[in-house]
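Raw query.tsv, TSV, C-alpha atoms:
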```tsv
chain	number	residue	atom	x	y	z
P	1	MET	CA	100.40	82.46	90.47
P	2	LEU	CA	103.29	84.15	88.63
P	3	LYS	CA	105.75	82.38	86.36
P	4	ILE	CA	108.59	84.31	84.75
P	5	GLU	CA	110.39	82.15	82.19
P	6	HIS	CA	113.63	83.28	80.51
P	7	LEU	CA	112.66	86.96	80.57
P	8	THR	CA	115.05	89.12	78.56
P	9	LYS	CA	114.81	92.86	77.93
P	10	THR	CA	117.47	94.82	76.03
P	11	TYR	CA	118.02	98.55	75.71
P	12	GLY	CA	120.37	99.06	72.80
P	13	GLU	CA	123.35	96.82	73.53
P	14	LYS	CA	122.63	96.55	77.27
P	15	LYS	CA	120.62	93.66	78.67
P	16	ALA	CA	118.56	95.19	81.47
P	17	VAL	CA	117.14	91.74	82.29
P	18	ASP	CA	119.04	88.67	81.15
P	19	ASP	CA	117.28	85.27	80.99
P	20	LEU	CA	115.40	85.67	84.28
P	21	SER	CA	113.19	82.82	85.53
P	22	LEU	CA	111.20	82.92	88.78
P	23	HIS	CA	108.05	81.29	90.16
P	24	ILE	CA	105.90	82.99	92.81
P	25	ALA	CA	103.27	80.65	94.28
P	26	PRO	CA	99.96	81.55	95.95
P	27	GLY	CA	100.46	82.53	99.57
P	28	GLU	CA	104.03	83.79	99.06
P	29	ILE	CA	105.53	87.20	99.76
P	30	TYR	CA	108.52	87.26	97.42
P	31	GLY	CA	111.17	89.97	97.78
P	32	PHE	CA	113.22	91.24	94.83
P	33	ILE	CA	116.60	92.68	95.81
P	34	GLY	CA	119.26	94.47	93.79
P	35	HIS	CA	121.18	97.72	93.44
P	36	ASN	CA	119.86	100.67	91.43
P	37	GLY	CA	119.83	99.73	87.75
P	38	ALA	CA	119.95	95.98	88.42
P	39	GLY	CA	116.75	95.34	86.45
P	40	LYS	CA	114.09	95.24	89.18
P	41	THR	CA	111.79	97.95	87.81
P	42	THR	CA	112.17	96.66	84.25
P	43	THR	CA	111.08	93.22	85.44
P	44	LEU	CA	108.07	94.56	87.33
P	45	ARG	CA	106.95	96.74	84.43
P	46	SER	CA	107.22	93.75	82.09
P	47	ILE	CA	105.09	91.61	84.38
P	48	ILE	CA	102.35	94.21	84.67
P	49	GLY	CA	102.23	94.59	80.90
P	50	ILE	CA	103.22	98.24	80.53
P	51	GLN	CA	106.55	97.42	78.93
P	52	GLN	CA	107.29	94.98	76.14
P	53	PHE	CA	110.12	92.48	76.51
P	54	ASP	CA	112.30	90.83	73.88
P	55	GLN	CA	112.32	87.17	74.88
P	56	GLY	CA	110.69	84.81	77.33
P	57	GLU	CA	107.22	84.41	78.75
P	58	ILE	CA	105.31	85.75	81.75
P	59	ARG	CA	102.21	83.94	82.97
P	60	ILE	CA	99.77	85.10	85.63
P	61	ALA	CA	97.46	82.36	86.93
P	62	GLY	CA	98.25	80.39	83.79
P	63	ARG	CA	97.55	83.23	81.33
P	64	SER	CA	100.16	84.95	79.18
P	65	ILE	CA	100.64	88.69	79.65
P	66	LYS	CA	101.58	88.82	75.96
P	67	THR	CA	98.48	87.15	74.51
P	68	ASP	CA	95.88	87.74	77.24
P	69	PRO	CA	96.85	91.04	78.89
P	70	ILE	CA	93.37	92.21	79.89
P	71	GLU	CA	92.50	89.02	81.79
P	72	CYS	CA	95.90	89.12	83.48
P	73	LYS	CA	95.49	92.74	84.55
P	74	LYS	CA	92.05	92.05	86.02
P	75	ILE	CA	93.63	90.03	88.82
P	76	MET	CA	96.74	92.15	89.31
P	77	ALA	CA	97.58	95.45	90.96
P	78	TYR	CA	100.77	97.49	90.66
P	79	ILE	CA	102.19	100.16	92.95
P	80	PRO	CA	105.15	101.96	91.31
P	81	ASP	CA	107.97	103.56	93.27
P	82	ASN	CA	106.57	107.01	92.53
P	83	PRO	CA	102.76	106.81	92.16
P	84	ASP	CA	101.65	108.91	89.19
P	85	LEU	CA	98.12	109.84	90.23
P	86	TYR	CA	95.58	112.17	88.60
P	87	GLU	CA	96.25	115.16	90.81
P	88	PHE	CA	93.28	117.18	89.53
P	89	MET	CA	90.98	114.59	91.13
P	90	SER	CA	90.06	114.36	94.77
P	91	GLY	CA	91.14	111.24	96.62
P	92	ILE	CA	87.62	109.79	96.67
P	93	LYS	CA	87.05	110.47	92.96
P	94	TYR	CA	90.29	108.71	92.14
P	95	LEU	CA	89.35	105.64	94.18
P	96	ASN	CA	85.93	105.50	92.54
P	97	PHE	CA	87.60	105.87	89.14
P	98	VAL	CA	89.82	102.85	89.85
P	99	ALA	CA	86.85	100.90	91.20
P	100	ASP	CA	84.93	101.68	87.99
P	101	ILE	CA	87.79	100.32	85.87
P	102	TYR	CA	87.76	97.02	87.75
P	103	GLY	CA	83.98	96.78	87.95
P	104	VAL	CA	83.80	96.87	91.74
P	105	SER	CA	80.19	97.17	92.94
P	106	PRO	CA	79.09	100.35	94.80
P	107	ALA	CA	78.54	98.44	98.04
P	108	ALA	CA	81.90	96.64	97.89
P	109	ARG	CA	83.87	99.77	97.03
P	110	GLN	CA	82.26	101.82	99.80
P	111	GLU	CA	83.08	99.17	102.38
P	112	ARG	CA	86.69	98.78	101.19
P	113	ILE	CA	87.35	102.51	100.86
P	114	ARG	CA	85.98	103.09	104.34
P	115	ARG	CA	87.97	100.21	105.83
P	116	TYR	CA	91.34	101.05	104.27
P	117	ALA	CA	91.05	104.84	104.48
P	118	ASP	CA	90.23	104.55	108.16
P	119	ARG	CA	93.19	102.25	108.74
P	120	PHE	CA	95.54	104.66	106.99
P	121	GLU	CA	93.91	107.68	108.68
P	122	LEU	CA	93.17	109.18	105.26
P	123	THR	CA	89.38	109.40	105.46
P	124	GLN	CA	89.29	113.11	106.34
P	125	ASP	CA	91.49	113.94	103.34
P	126	LEU	CA	89.63	112.06	100.61
P	127	ALA	CA	87.59	115.12	99.63
P	128	GLN	CA	90.76	117.14	99.00
P	129	PRO	CA	92.52	117.31	95.61
P	130	ILE	CA	95.40	114.86	95.26
P	131	ALA	CA	97.62	117.81	94.28
P	132	SER	CA	97.49	118.92	97.94
P	133	TYR	CA	98.67	115.53	99.26
P	134	SER	CA	102.13	114.87	100.63
P	135	HIS	CA	104.19	112.06	99.09
P	136	GLY	CA	103.23	109.79	101.97
P	137	MET	CA	99.53	110.52	101.50
P	138	LYS	CA	99.80	109.77	97.77
P	139	GLN	CA	101.50	106.49	98.61
P	140	LYS	CA	98.66	105.58	100.98
P	141	LEU	CA	96.08	106.44	98.33
P	142	ALA	CA	97.90	104.28	95.79
P	143	ILE	CA	97.89	101.39	98.27
P	144	ILE	CA	94.14	101.72	98.85
P	145	ALA	CA	93.56	101.88	95.08
P	146	ALA	CA	95.60	98.70	94.60
P	147	TRP	CA	93.58	96.81	97.21
P	148	ILE	CA	90.17	98.06	96.08
P	149	HIS	CA	89.50	95.18	93.63
P	150	GLN	CA	91.09	92.53	95.88
P	151	PRO	CA	93.89	91.49	93.49
P	152	ARG	CA	95.25	87.95	93.50
P	153	LEU	CA	98.72	89.16	92.49
P	154	LEU	CA	100.21	92.37	93.86
P	155	LEU	CA	103.36	93.93	92.39
P	156	MET	CA	105.12	96.75	94.22
P	157	ASP	CA	108.27	98.77	93.51
P	158	GLU	CA	109.82	100.14	96.73
P	159	PRO	CA	106.43	100.34	98.51
P	160	PHE	CA	107.75	101.53	101.87
P	161	VAL	CA	109.42	104.70	100.58
P	162	GLY	CA	107.64	107.75	101.97
P	163	LEU	CA	105.52	105.87	104.50
P	164	ASP	CA	105.69	106.73	108.18
P	165	PRO	CA	106.42	103.81	110.58
P	166	LYS	CA	102.75	103.29	111.44
P	167	ALA	CA	101.69	103.16	107.78
P	168	ALA	CA	104.61	100.86	106.93
P	169	HIS	CA	103.56	98.49	109.71
P	170	LEU	CA	99.98	98.53	108.43
P	171	LEU	CA	101.11	97.79	104.87
P	172	LYS	CA	103.07	94.78	106.11
P	173	GLU	CA	99.96	93.51	107.89
P	174	MET	CA	97.88	93.95	104.74
P	175	MET	CA	100.48	92.14	102.64
P	176	ARG	CA	100.39	89.14	104.94
P	177	GLU	CA	96.57	89.18	105.02
P	178	LEU	CA	96.41	89.15	101.22
P	179	CYS	CA	98.75	86.15	101.02
P	180	ASP	CA	96.99	84.31	103.85
P	181	GLU	CA	93.86	84.56	101.68
P	182	GLY	CA	95.63	82.87	98.75
P	183	GLY	CA	97.11	85.89	96.97
P	184	ALA	CA	100.76	86.44	96.07
P	185	ILE	CA	103.08	89.44	96.32
P	186	PHE	CA	106.25	90.24	94.37
P	187	PHE	CA	107.96	93.45	95.45
P	188	SER	CA	111.30	95.20	95.23
P	189	THR	CA	112.88	96.93	98.20
P	190	HIS	CA	116.15	98.38	99.43
P	191	VAL	CA	115.04	97.96	103.04
P	192	LEU	CA	116.72	94.62	103.60
P	193	GLU	CA	115.69	94.32	107.26
P	194	VAL	CA	112.04	94.50	106.22
P	195	ALA	CA	112.57	91.93	103.47
P	196	GLU	CA	114.32	89.55	105.86
P	197	LYS	CA	111.48	89.66	108.38
P	198	LEU	CA	108.57	89.78	105.94
P	199	CYS	CA	109.41	87.67	102.91
P	200	ASP	CA	108.86	83.94	102.47
P	201	LYS	CA	111.28	83.90	99.55
P	202	VAL	CA	113.75	86.33	98.04
P	203	ALA	CA	115.60	86.78	94.74
P	204	ILE	CA	118.79	88.79	94.28
P	205	ILE	CA	119.46	90.27	90.85
P	206	LYS	CA	122.72	91.83	89.64
P	207	GLN	CA	123.23	93.50	86.26
P	208	GLY	CA	120.03	91.89	85.00
P	209	GLN	CA	120.96	88.36	86.03
P	210	LEU	CA	119.51	86.29	88.85
P	211	ILE	CA	122.38	85.39	91.17
P	212	ARG	CA	120.51	83.79	94.07
P	213	SER	CA	116.92	82.87	94.96
P	214	GLY	CA	114.95	80.65	97.31
P	215	THR	CA	113.52	80.69	100.81
P	216	MET	CA	114.99	83.24	103.17
P	217	ASP	CA	116.92	80.53	105.01
P	218	GLU	CA	118.27	79.10	101.75
P	219	VAL	CA	119.48	82.51	100.58
P	220	LYS	CA	121.01	83.89	103.76
P	221	GLY	CA	121.88	80.82	105.83
P	222	ASP	CA	123.26	81.89	109.20
P	223	ASP	CA	124.10	85.39	108.00
P	224	SER	CA	121.85	88.43	107.67
P	225	LEU	CA	120.32	89.27	104.30
P	226	GLU	CA	122.33	92.49	104.29
P	227	GLU	CA	125.60	90.60	104.73
P	228	VAL	CA	124.75	88.16	101.94
P	229	PHE	CA	123.65	90.94	99.61
P	230	LEU	CA	126.81	92.99	100.14
P	231	GLU	CA	129.00	89.92	99.69
P	232	LEU	CA	127.30	89.01	96.41
P	233	GLU	CA	127.51	92.59	95.18
P	234	GLU	CA	131.29	92.60	95.67
P	235	GLU	CA	131.83	89.43	93.63
```

Encoding of this model in structure tokens:
Amino acid sequence: MLKIEHLTKTYGEKKAVDDLSLHIAPGEIYGFIGHNGAGKTTTLRSIIGIQQFDQGEIRIAGRSIKTDPIECKKIMAYIPDNPDLYEFMSGIKYLNFVADIYGVSPAARQERIRRYADRFELTQDLAQPIASYSHGMKQKLAIIAAWIHQPRLLLMDEPFVGLDPKAAHLLKEMMRELCDEGGAIFFSTHVLEVAEKLCDKVAIIKQGQLIRSGTMDEVKGDDSLEEVFLELEEE
């Protein structure tokens, strides 16, 4: 589903991402772990096509994000760490706007908006301007918008920040449902306990370089993910 091959991105003399290669297969929830400034957000923004990179290749379902960005973006969705929504819109207008971009039919969008807004207990707030939403409500709206066109690849940057425990539990359920249906998820998180329980595979990045990746058992062995991460960070 997603192949990152020798990705390199430089800012001045600093390599934010240094020769990174990863493969995320259909059905996998893949966690991306690293300290602040390790290169996680740069990698995600390169995959989604909103940031150019210097070397390497990124392919989504066999297509290059460099040469075929529109077709790639049609099957992807991205939730940034701080959703930048159009706050002058109401919640429902924003969701319909996103649905229009992806060509979602009126019947399909109504069913999906109803289903996900009800699950996140946001239905009663959709008529209100986004400017009046709390951070958690904006995060929920961004999640619904990401799911509205049923993406095959979902990219998320710290998706659990700002969510209450019930909403976080629901998001985890939705992530597993998407992958059970043949989709794939690549997401960064600092919540290592969540990553350990939720992810099929995990990659740890340090100063732009991949230092360990594989299945959860391969990466952590008999230790906890937190213990392994802290040990690798100290090396």

Any idea what's packed within 10 Å of Ile65 of chain P, counting all atoms listed in the file, ignoring anything in its chain fewer than 3 positions away? Could you give it as a list in words?
Ser46, Ile47, Ile48, Gly49, Ile50, Gln52, Glu57, Ile58, Arg59, Ile60, Gly62, Asp68, Pro69, Ile70, Glu71, Cys72 and Lys73 of chain P

With segment 181-188 of chain P as the partner and 9 Å as the cut-off, tabulate the residues of segment 105-169 of chain P that qualify, each row holding the nearest pair of atoms and their distance in Å to one decimal, using only C-alpha atoms, sorted by chain and rising number, as a Markdown table.
```
| residue | atom | partner | partner_atom | distance |
| --- | --- | --- | --- | --- |
| P:Pro151 | CA | P:Gly183 | CA | 7.3 |
| P:Arg152 | CA | P:Gly183 | CA | 4.4 |
| P:Leu153 | CA | P:Ala184 | CA | 4.9 |
| P:Leu154 | CA | P:Ile185 | CA | 4.8 |
| P:Leu155 | CA | P:Phe186 | CA | 5.1 |
| P:Met156 | CA | P:Phe187 | CA | 4.5 |
| P:Asp157 | CA | P:Ser188 | CA | 5.0 |
| P:Glu158 | CA | P:Ser188 | CA | 5.4 |
| P:Pro159 | CA | P:Phe187 | CA | 7.7 |
```

Between P:Val228, P:Met89, P:Val191, P:Ala142, single out the one closest to Phe160 of chain P, counting all atoms listed in the file.
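Counting all atoms listed in the file, the residue closest to Phe160 of chain P is P:Val191.
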
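Of the residues under consideration (P:Gln110, P:Asn36, P:Ser90, P:Ser105), P:Ser90 shows the shortest atom-to-atom contact distance to Ala131 of chain P when counting all atoms listed in the file.
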
Would you mind telling me which residue in P:Leu126, P:Arg63, P:Ala16, P:Leu210 lies nearest to Ile75 of chain P when using only C-alpha atoms?
P:Arg63

Atom pair atom CA of Asp54 of chain P / atom CA of Glu5 of chain P: separation (Å):
12.2 Å

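Counting all atoms listed in the file and comparing P:Phe229, P:Tyr30, P:Tyr78, P:Phe53, the residue that lies closest to Thr10 of chain P is P:Phe53.
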
Place N, CA and C atoms on segment 110-136 of chain P and deliver the coordinates as a short mmCIF file (atom, residue, chain, number, x, y, z; two decimals), in the frame of the given file.
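The resulting part_30.cif:
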```
data_model
loop_
_atom_site.label_atom_id
_atom_site.label_comp_id
_atom_site.auth_asym_id
_atom_site.auth_seq_id
_atom_site.Cartn_x
_atom_site.Cartn_y
_atom_site.Cartn_z
N GLN P 110 82.48 100.97 98.63
CA GLN P 110 82.26 101.82 99.80
C GLN P 110 82.83 101.17 101.06
N GLU P 111 82.59 99.87 101.20
CA GLU P 111 83.08 99.17 102.38
C GLU P 111 84.60 99.14 102.40
N ARG P 112 85.24 98.88 101.26
CA ARG P 112 86.69 98.78 101.19
C ARG P 112 87.36 100.15 101.35
N ILE P 113 86.80 101.17 100.71
CA ILE P 113 87.35 102.51 100.86
C ILE P 113 87.28 102.95 102.31
N ARG P 114 86.14 102.72 102.94
CA ARG P 114 85.98 103.09 104.34
C ARG P 114 86.98 102.35 105.23
N ARG P 115 87.09 101.04 105.00
CA ARG P 115 87.97 100.21 105.83
C ARG P 115 89.44 100.64 105.70
N TYR P 116 89.92 100.76 104.46
CA TYR P 116 91.34 101.05 104.27
C TYR P 116 91.68 102.52 104.55
N ALA P 117 90.79 103.43 104.20
CA ALA P 117 91.05 104.84 104.48
C ALA P 117 91.08 105.09 105.98
N ASP P 118 90.21 104.42 106.71
CA ASP P 118 90.23 104.55 108.16
C ASP P 118 91.53 104.00 108.73
N ARG P 119 91.97 102.86 108.22
CA ARG P 119 93.19 102.25 108.74
C ARG P 119 94.41 103.12 108.47
N PHE P 120 94.42 103.79 107.32
CA PHE P 120 95.54 104.66 106.99
C PHE P 120 95.33 106.11 107.45
N GLU P 121 94.23 106.34 108.16
CA GLU P 121 93.91 107.68 108.68
C GLU P 121 93.88 108.71 107.55
N LEU P 122 93.25 108.32 106.44
CA LEU P 122 93.17 109.18 105.26
C LEU P 122 91.75 109.63 104.97
N THR P 123 90.79 109.14 105.74
CA THR P 123 89.38 109.40 105.46
C THR P 123 89.07 110.89 105.36
N GLN P 124 89.59 111.67 106.29
CA GLN P 124 89.29 113.11 106.34
C GLN P 124 89.88 113.88 105.16
N ASP P 125 90.81 113.25 104.45
CA ASP P 125 91.49 113.94 103.34
C ASP P 125 90.98 113.53 101.97
N LEU P 126 90.06 112.59 101.90
CA LEU P 126 89.63 112.06 100.61
C LEU P 126 88.90 113.10 99.76
N ALA P 127 88.30 114.09 100.39
CA ALA P 127 87.59 115.12 99.63
C ALA P 127 88.54 116.16 99.04
N GLN P 128 89.79 116.15 99.47
CA GLN P 128 90.76 117.14 99.00
C GLN P 128 91.41 116.70 97.69
N PRO P 129 91.84 117.67 96.86
CA PRO P 129 92.52 117.31 95.61
C PRO P 129 93.84 116.60 95.90
N ILE P 130 94.17 115.62 95.07
CA ILE P 130 95.40 114.86 95.26
C ILE P 130 96.63 115.77 95.16
N ALA P 131 96.51 116.87 94.41
CA ALA P 131 97.62 117.81 94.28
C ALA P 131 98.06 118.37 95.63
N SER P 132 97.16 118.38 96.61
CA SER P 132 97.49 118.92 97.94
C SER P 132 98.09 117.87 98.86
N TYR P 133 98.17 116.62 98.41
CA TYR P 133 98.67 115.53 99.26
C TYR P 133 100.19 115.55 99.35
N SER P 134 100.71 115.11 100.48
CA SER P 134 102.13 114.87 100.63
C SER P 134 102.48 113.57 99.90
N HIS P 135 103.78 113.30 99.75
CA HIS P 135 104.19 112.06 99.09
C HIS P 135 103.65 110.85 99.84
N GLY P 136 103.72 110.90 101.16
CA GLY P 136 103.23 109.79 101.97
C GLY P 136 101.74 109.56 101.79
#
```
